[in-house]
file data-v5.pdb (PDB, C-alpha atoms, pLDDT in the B column)
ATOM      1  CA  ARG A   1     -14.715   0.853   0.685  1.00 51.00           C
ATOM      2  CA  SER A   2     -11.349   1.705  -0.707  1.00 50.00           C
ATOM      3  CA  LYS A   3      -8.644  -0.797  -1.580  1.00 52.00           C
ATOM      4  CA  GLY A   4      -5.225   0.400  -0.706  1.00 51.00           C
ATOM      5  CA  GLY A   5      -3.852  -1.115   2.487  1.00 52.00           C
ATOM      6  CA  ILE A   6      -1.060  -3.581   1.809  1.00 48.00           C
ATOM      7  CA  ASP A   7      -1.385  -6.972   3.503  1.00 50.00           C
ATOM      8  CA  MET A   8       1.969  -8.616   2.694  1.00 54.00           C
ATOM      9  CA  VAL A   9       5.157  -8.398   0.608  1.00 55.00           C
ATOM     10  CA  LEU A  10       5.816 -11.165  -1.923  1.00 53.00           C
ATOM     11  CA  LYS A  11       8.605 -11.890  -4.395  1.00 66.00           C
ATOM     12  CA  ASP A  12       6.270 -12.885  -7.221  1.00 72.00           C
ATOM     13  CA  TYR A  13       2.640 -13.015  -8.315  1.00 82.00           C
ATOM     14  CA  GLU A  14       0.790 -14.656 -11.206  1.00 88.00           C
ATOM     15  CA  ILE A  15      -2.009 -12.634 -12.765  1.00 93.00           C
ATOM     16  CA  ASN A  16      -5.317 -14.498 -12.866  1.00 93.00           C
ATOM     17  CA  SER A  17      -9.019 -13.801 -13.358  1.00 93.00           C
ATOM     18  CA  SER A  18      -9.295 -12.342  -9.837  1.00 95.00           C
ATOM     19  CA  THR A  19      -6.530  -9.743 -10.392  1.00 96.00           C
ATOM     20  CA  PHE A  20      -7.891  -6.174 -10.584  1.00 98.00           C
ATOM     21  CA  ALA A  21      -4.831  -3.925 -10.955  1.00 98.00           C
ATOM     22  CA  VAL A  22      -1.023  -3.805 -11.042  1.00 97.00           C
ATOM     23  CA  ILE A  23       0.192  -0.458  -9.691  1.00 97.00           C
ATOM     24  CA  PRO A  24       3.827   0.700  -9.540  1.00 96.00           C
ATOM     25  CA  VAL A  25       4.740   2.066  -6.089  1.00 94.00           C
ATOM     26  CA  LYS A  26       8.530   2.523  -6.203  1.00 89.00           C
ATOM     27  CA  LYS A  27      11.462   1.338  -8.299  1.00 88.00           C
ATOM     28  CA  GLY A  28      11.290  -2.461  -8.570  1.00 90.00           C
ATOM     29  CA  HIS A  29       8.053  -2.780  -6.562  1.00 92.00           C
ATOM     30  CA  CYS A  30       4.371  -2.809  -7.432  1.00 94.00           C
ATOM     31  CA  GLN A  31       1.087  -3.211  -5.629  1.00 95.00           C
ATOM     32  CA  ILE A  32      -1.267  -5.958  -6.754  1.00 95.00           C
ATOM     33  CA  ILE A  33      -4.949  -5.510  -6.059  1.00 95.00           C
ATOM     34  CA  ASP A  34      -7.199  -8.523  -6.417  1.00 94.00           C
ATOM     35  CA  GLN A  35     -10.388  -9.882  -4.917  1.00 93.00           C
ATOM     36  CA  ASP A  36      -8.431 -11.021  -1.848  1.00 90.00           C
ATOM     37  CA  GLY A  37      -6.965  -7.599  -1.063  1.00 90.00           C
ATOM     38  CA  SER A  38      -3.691  -5.878  -1.754  1.00 91.00           C
ATOM     39  CA  ARG A  39      -0.070  -6.937  -1.592  1.00 91.00           C
ATOM     40  CA  LEU A  40       3.334  -5.491  -2.382  1.00 92.00           C
ATOM     41  CA  ILE A  41       5.444  -7.409  -4.903  1.00 92.00           C
ATOM     42  CA  LYS A  42       9.208  -7.037  -5.303  1.00 91.00           C
ATOM     43  CA  LYS A  43       8.942  -6.640  -9.086  1.00 92.00           C
ATOM     44  CA  ASP A  44       8.037  -3.786 -11.375  1.00 93.00           C
ATOM     45  CA  ALA A  45       4.543  -3.709 -12.909  1.00 95.00           C
ATOM     46  CA  PHE A  46       5.701  -4.302 -16.503  1.00 95.00           C
ATOM     47  CA  SER A  47       7.602  -7.452 -15.418  1.00 94.00           C
ATOM     48  CA  ILE A  48       4.423  -8.797 -13.795  1.00 94.00           C
ATOM     49  CA  ILE A  49       2.517  -8.271 -17.079  1.00 96.00           C
ATOM     50  CA  LYS A  50       5.294  -9.792 -19.214  1.00 95.00           C
ATOM     51  CA  ASN A  51       5.596 -12.794 -16.853  1.00 93.00           C
ATOM     52  CA  ALA A  52       1.818 -13.329 -17.034  1.00 94.00           C
ATOM     53  CA  CYS A  53       1.973 -13.485 -20.843  1.00 94.00           C
ATOM     54  CA  ASN A  54       4.805 -16.027 -20.562  1.00 93.00           C
ATOM     55  CA  TYR A  55       2.938 -18.040 -17.917  1.00 91.00           C
ATOM     56  CA  PHE A  56      -0.008 -18.443 -20.299  1.00 91.00           C
ATOM     57  CA  GLY A  57       2.271 -19.450 -23.179  1.00 90.00           C
ATOM     58  CA  ASN A  58       3.012 -16.235 -25.072  1.00 92.00           C
ATOM     59  CA  THR A  59       5.455 -13.374 -25.036  1.00 95.00           C
ATOM     60  CA  PHE A  60       4.369  -9.829 -24.340  1.00 95.00           C
ATOM     61  CA  GLU A  61       5.605  -8.955 -27.843  1.00 96.00           C
ATOM     62  CA  SER A  62       3.382 -11.610 -29.475  1.00 95.00           C
ATOM     63  CA  ARG A  63       0.375 -10.410 -27.457  1.00 96.00           C
ATOM     64  CA  HIS A  64       1.141  -6.823 -28.477  1.00 95.00           C
ATOM     65  CA  ALA A  65       1.355  -7.941 -32.131  1.00 95.00           C
ATOM     66  CA  MET A  66      -2.004  -9.724 -31.762  1.00 94.00           C
ATOM     67  CA  THR A  67      -3.645  -6.499 -30.525  1.00 95.00           C
ATOM     68  CA  LYS A  68      -2.176  -4.615 -33.493  1.00 95.00           C
ATOM     69  CA  ARG A  69      -3.427  -7.295 -35.897  1.00 94.00           C
ATOM     70  CA  LEU A  70      -6.936  -7.454 -34.403  1.00 93.00           C
ATOM     71  CA  ILE A  71      -7.698  -3.753 -33.754  1.00 95.00           C
ATOM     72  CA  ASN A  72      -4.771  -1.869 -35.316  1.00 95.00           C
ATOM     73  CA  ILE A  73      -3.577  -0.274 -32.073  1.00 92.00           C
ATOM     74  CA  ASN A  74       0.150  -0.040 -31.498  1.00 89.00           C
ATOM     75  CA  TYR A  75       0.515   2.490 -28.653  1.00 92.00           C
ATOM     76  CA  LYS A  76      -0.758   1.909 -25.089  1.00 95.00           C
ATOM     77  CA  SER A  77      -2.220  -1.355 -26.392  1.00 96.00           C
ATOM     78  CA  PRO A  78      -4.544  -3.458 -24.291  1.00 97.00           C
ATOM     79  CA  ILE A  79      -3.043  -6.939 -23.880  1.00 97.00           C
ATOM     80  CA  VAL A  80      -4.804 -10.307 -23.834  1.00 96.00           C
ATOM     81  CA  ILE A  81      -3.087 -12.122 -20.978  1.00 95.00           C
ATOM     82  CA  GLU A  82      -5.200 -15.268 -21.329  1.00 92.00           C
ATOM     83  CA  GLU A  83      -7.675 -15.866 -24.157  1.00 87.00           C
ATOM     84  CA  SER A  84     -10.127 -18.499 -22.924  1.00 85.00           C
ATOM     85  CA  ARG A  85     -11.058 -16.489 -19.813  1.00 87.00           C
ATOM     86  CA  SER A  86     -10.730 -13.112 -21.594  1.00 88.00           C
ATOM     87  CA  ILE A  87      -8.133 -11.799 -19.134  1.00 95.00           C
ATOM     88  CA  ILE A  88      -7.379  -8.428 -20.731  1.00 97.00           C
ATOM     89  CA  PHE A  89      -5.285  -5.710 -19.103  1.00 98.00           C
ATOM     90  CA  PHE A  90      -4.726  -2.191 -20.355  1.00 98.00           C
ATOM     91  CA  PRO A  91      -1.983   0.327 -19.521  1.00 98.00           C
ATOM     92  CA  THR A  92      -2.693   3.889 -18.387  1.00 97.00           C
ATOM     93  CA  SER A  93       0.425   5.203 -20.162  1.00 96.00           C
ATOM     94  CA  SER A  94       3.292   3.746 -22.177  1.00 94.00           C
ATOM     95  CA  PRO A  95       4.138   0.383 -20.551  1.00 92.00           C
ATOM     96  CA  ARG A  96       7.796   1.399 -20.497  1.00 88.00           C
ATOM     97  CA  GLU A  97       7.079   4.359 -18.192  1.00 92.00           C
ATOM     98  CA  ASP A  98       7.689   3.652 -14.510  1.00 90.00           C
ATOM     99  CA  GLU A  99       4.311   5.105 -13.469  1.00 94.00           C
ATOM    100  CA  CYS A 100       2.241   2.941 -15.869  1.00 97.00           C
ATOM    101  CA  ILE A 101      -0.688   1.282 -14.080  1.00 98.00           C
ATOM    102  CA  TRP A 102      -2.242  -1.874 -15.557  1.00 98.00           C
ATOM    103  CA  LEU A 103      -5.982  -2.426 -15.056  1.00 98.00           C
ATOM    104  CA  SER A 104      -8.072  -5.530 -15.742  1.00 98.00           C
ATOM    105  CA  LEU A 105     -10.933  -4.816 -18.142  1.00 98.00           C
ATOM    106  CA  ASN A 106     -13.259  -7.369 -16.558  1.00 96.00           C
ATOM    107  CA  ALA A 107     -12.549  -6.285 -12.990  1.00 97.00           C
ATOM    108  CA  ILE A 108     -13.902  -2.760 -13.606  1.00 98.00           C
ATOM    109  CA  LYS A 109     -17.553  -2.154 -12.791  1.00 97.00           C
ATOM    110  CA  ARG A 110     -17.431   1.592 -13.518  1.00 97.00           C
ATOM    111  CA  TYR A 111     -15.174   4.625 -13.294  1.00 98.00           C
ATOM    112  CA  LEU A 112     -15.783   8.218 -12.299  1.00 97.00           C
ATOM    113  CA  LYS A 113     -14.045  11.542 -12.826  1.00 97.00           C
ATOM    114  CA  LYS A 114     -12.590  12.946  -9.587  1.00 93.00           C
ATOM    115  CA  GLU A 115     -10.950  16.310 -10.430  1.00 90.00           C
ATOM    116  CA  ASP A 116      -7.666  15.356 -12.139  1.00 91.00           C
ATOM    117  CA  LYS A 117      -7.929  11.724 -10.997  1.00 96.00           C
ATOM    118  CA  THR A 118     -10.178   8.790 -11.821  1.00 97.00           C
ATOM    119  CA  ARG A 119     -11.956   6.568  -9.325  1.00 97.00           C
ATOM    120  CA  ILE A 120     -11.952   2.967 -10.527  1.00 98.00           C
ATOM    121  CA  ILE A 121     -14.762   0.923  -8.975  1.00 97.00           C
ATOM    122  CA  PHE A 122     -14.163  -2.803  -9.133  1.00 97.00           C
ATOM    123  CA  ARG A 123     -16.724  -5.575  -9.488  1.00 96.00           C
ATOM    124  CA  ASP A 124     -16.680  -6.193  -5.702  1.00 95.00           C
ATOM    125  CA  ASP A 125     -17.538  -2.474  -5.125  1.00 96.00           C
ATOM    126  CA  THR A 126     -14.100  -1.642  -3.720  1.00 94.00           C
ATOM    127  CA  TYR A 127     -12.289   1.232  -5.427  1.00 96.00           C
ATOM    128  CA  ILE A 128      -8.999   2.994  -5.988  1.00 96.00           C
ATOM    129  CA  GLU A 129      -8.265   6.525  -7.142  1.00 96.00           C
ATOM    130  CA  ILE A 130      -5.471   6.883  -9.653  1.00 97.00           C
ATOM    131  CA  PRO A 131      -3.677  10.004 -10.945  1.00 96.00           C
ATOM    132  CA  VAL A 132      -4.850   9.397 -14.512  1.00 96.00           C
ATOM    133  CA  SER A 133      -7.427  11.470 -16.376  1.00 96.00           C
ATOM    134  CA  TYR A 134     -10.941  10.176 -16.938  1.00 97.00           C
ATOM    135  CA  ASN A 135     -10.504  10.607 -20.704  1.00 96.00           C
ATOM    136  CA  ILE A 136      -7.450   8.331 -20.774  1.00 96.00           C
ATOM    137  CA  ILE A 137      -9.308   5.631 -18.816  1.00 97.00           C
ATOM    138  CA  ASP A 138     -12.378   6.029 -21.031  1.00 97.00           C
ATOM    139  CA  ASN A 139     -10.269   5.680 -24.189  1.00 97.00           C
ATOM    140  CA  GLN A 140      -8.379   2.651 -22.837  1.00 97.00           C
ATOM    141  CA  MET A 141     -11.649   0.987 -21.753  1.00 98.00           C
ATOM    142  CA  ALA A 142     -13.090   1.506 -25.251  1.00 97.00           C
ATOM    143  CA  ARG A 143      -9.995   0.013 -26.901  1.00 97.00           C
ATOM    144  CA  SER A 144     -10.082  -2.960 -24.518  1.00 97.00           C
ATOM    145  CA  ILE A 145     -13.778  -3.617 -25.157  1.00 97.00           C
ATOM    146  CA  ILE A 146     -13.158  -3.556 -28.926  1.00 96.00           C
ATOM    147  CA  LEU A 147     -10.268  -6.008 -28.459  1.00 96.00           C
ATOM    148  CA  GLU A 148     -12.471  -8.293 -26.369  1.00 95.00           C
ATOM    149  CA  LYS A 149     -15.198  -8.142 -29.040  1.00 95.00           C
ATOM    150  CA  GLU A 150     -12.707  -9.113 -31.769  1.00 93.00           C
ATOM    151  CA  LEU A 151     -11.382 -11.910 -29.580  1.00 90.00           C
ATOM    152  CA  ASN A 152     -14.917 -13.226 -29.046  1.00 89.00           C
ATOM    153  CA  LYS A 153     -15.588 -13.111 -32.809  1.00 86.00           C
ATOM    154  CA  ARG A 154     -12.486 -15.242 -33.309  1.00 78.00           C
ATOM    155  CA  LYS A 155     -13.624 -17.740 -30.682  1.00 73.00           C
ATOM    156  CA  LYS A 156     -16.954 -18.209 -32.482  1.00 74.00           C
ATOM    157  CA  CYS A 157     -15.122 -19.195 -35.679  1.00 66.00           C
ATOM    158  CA  PHE A 158     -13.889 -22.441 -34.114  1.00 57.00           C
TER
END

call {"tool": "encode", "arguments": {"input": "data-v5.pdb", "output": "C-alpha cells"}}
result
Amino acid sequence: RSKGGIDMVLKDYEINSSTFAVIPVKKGHCQIIDQDGSRLIKKDAFSIIKNACNYFGNTFESRHAMTKRLININYKSPIVIEESRSIIFFPTSSPREDECIWLSLNAIKRYLKKEDKTRIIFRDDTYIEIPVSYNIIDNQMARSIILEKELNKRKKCF
C-alpha cells in the first residue's frame, strides 16, 4: 500500500523515531510521512530538519560538521538528528535545493529502481515513489550506514 494521501495540515512537526520522510510539496510546505500516515506542514523541509537538530540540542551546522569529522563527507551529508536512538536522515540532493527530500535511514526496509524513479519501501511495508535515481538513493544509503557504524563505534567507547 502506498503512502501519499494527506490527512491534515499542521503548522509544525517534530521529527522522531517514527518519522519516515520529509518531502517538499510547494514553497513553504512539506509532507511528513510517518508510521501514523501523512500530513502537510506549513514549513519547508530544510526548516523541519534544522528544527529537529535544535530540538535535540544541536545546530544543523554542528551535525553537518560531525558527519564531516566522522566519515569525511561534506556534500549531501547524512545528518544525525538524535544520537541515542540513531535517528539519521539523508538528503536526496543539496539540502538548500527546494526539491530536496529527506529520508530516515532506519525507516527504510528496501528500495527498488522504477524507471527514472525509486520506490522506497518503509519498515511498515508502505511505500512512496520519488523522482530520484536509484543510484543516488543507493549512494546516500551507503553513506548513512557508514555514519551509523561510526556513531555506534563511538557509543561503545563510553

call {"tool": "residues_around", "arguments": {"input": "data-v5.pdb", "residues": "A:Ala52", "least_positions_apart": "5", "cutoff": "12 Å", "atoms": "all atoms listed in the file", "output": "list in words"}}
result
Asp12, Tyr13, Glu14, Ile15, Asn16, Ser17, Thr19, Val22, Ala45, Phe46, Ser47, Gly57, Asn58, Thr59, Phe60, Arg63, Ile79, Val80, Ile81, Glu82, Ile87, Ile88 and Phe89 of chain A

call {"tool": "atom_distance", "arguments": {"input": "data-v5.pdb", "atom1": "atom CA of A:Lys113", "atom2": "atom CA of A:Ala21"}}
result
18.1 Å

call {"tool": "closest_residue", "arguments": {"input": "data-v5.pdb", "among": "A:Arg143, A:Pro24, A:Arg119, A:Lys42", "to": "A:Asp98", "atoms": "only C-alpha atoms"}}
result
A:Pro24

call {"tool": "atom_distance", "arguments": {"input": "data-v5.pdb", "atom1": "atom CA of A:Ala107", "atom2": "atom CA of A:Phe20"}}
result
5.2 Å

call {"tool": "resolve_selection", "arguments": {"input": "data-v5.pdb", "expression": "the PyMOL selection byres ((chain A and resi 117) around 12)", "output": "PDB file with C-alpha atoms, in the coordinates of the input"}}
result
ATOM      1  CA  THR A  92      -2.693   3.889 -18.387  1.00 97.00           C
ATOM      2  CA  TYR A 111     -15.174   4.625 -13.294  1.00 98.00           C
ATOM      3  CA  LEU A 112     -15.783   8.218 -12.299  1.00 97.00           C
ATOM      4  CA  LYS A 113     -14.045  11.542 -12.826  1.00 97.00           C
ATOM      5  CA  LYS A 114     -12.590  12.946  -9.587  1.00 93.00           C
ATOM      6  CA  GLU A 115     -10.950  16.310 -10.430  1.00 90.00           C
ATOM      7  CA  ASP A 116      -7.666  15.356 -12.139  1.00 91.00           C
ATOM      8  CA  THR A 118     -10.178   8.790 -11.821  1.00 97.00           C
ATOM      9  CA  ARG A 119     -11.956   6.568  -9.325  1.00 97.00           C
ATOM     10  CA  ILE A 120     -11.952   2.967 -10.527  1.00 98.00           C
ATOM     11  CA  ILE A 128      -8.999   2.994  -5.988  1.00 96.00           C
ATOM     12  CA  GLU A 129      -8.265   6.525  -7.142  1.00 96.00           C
ATOM     13  CA  ILE A 130      -5.471   6.883  -9.653  1.00 97.00           C
ATOM     14  CA  PRO A 131      -3.677  10.004 -10.945  1.00 96.00           C
ATOM     15  CA  VAL A 132      -4.850   9.397 -14.512  1.00 96.00           C
ATOM     16  CA  SER A 133      -7.427  11.470 -16.376  1.00 96.00           C
ATOM     17  CA  TYR A 134     -10.941  10.176 -16.938  1.00 97.00           C
ATOM     18  CA  ASN A 135     -10.504  10.607 -20.704  1.00 96.00           C
ATOM     19  CA  ILE A 136      -7.450   8.331 -20.774  1.00 96.00           C
ATOM     20  CA  ILE A 137      -9.308   5.631 -18.816  1.00 97.00           C
TER      21      ILE A 137
END

call {"tool": "residues_around", "arguments": {"input": "data-v5.pdb", "residues": "stretch 68-74 of chain A", "least_positions_apart": "3", "cutoff": "7 Å", "atoms": "all atoms listed in the file", "output": "PDB file with C-alpha atoms, in the coordinates of the input"}}
result
ATOM      1  CA  HIS A  64       1.141  -6.823 -28.477  1.00 95.00           C
ATOM      2  CA  ALA A  65       1.355  -7.941 -32.131  1.00 95.00           C
ATOM      3  CA  SER A  77      -2.220  -1.355 -26.392  1.00 96.00           C
ATOM      4  CA  LEU A 147     -10.268  -6.008 -28.459  1.00 96.00           C
ATOM      5  CA  GLU A 150     -12.707  -9.113 -31.769  1.00 93.00           C
TER       6      GLU A 150
END

call {"tool": "atom_distance", "arguments": {"input": "data-v5.pdb", "atom1": "atom CA of A:Asn139", "atom2": "atom CA of A:Ile49"}}
result
20.2 Å
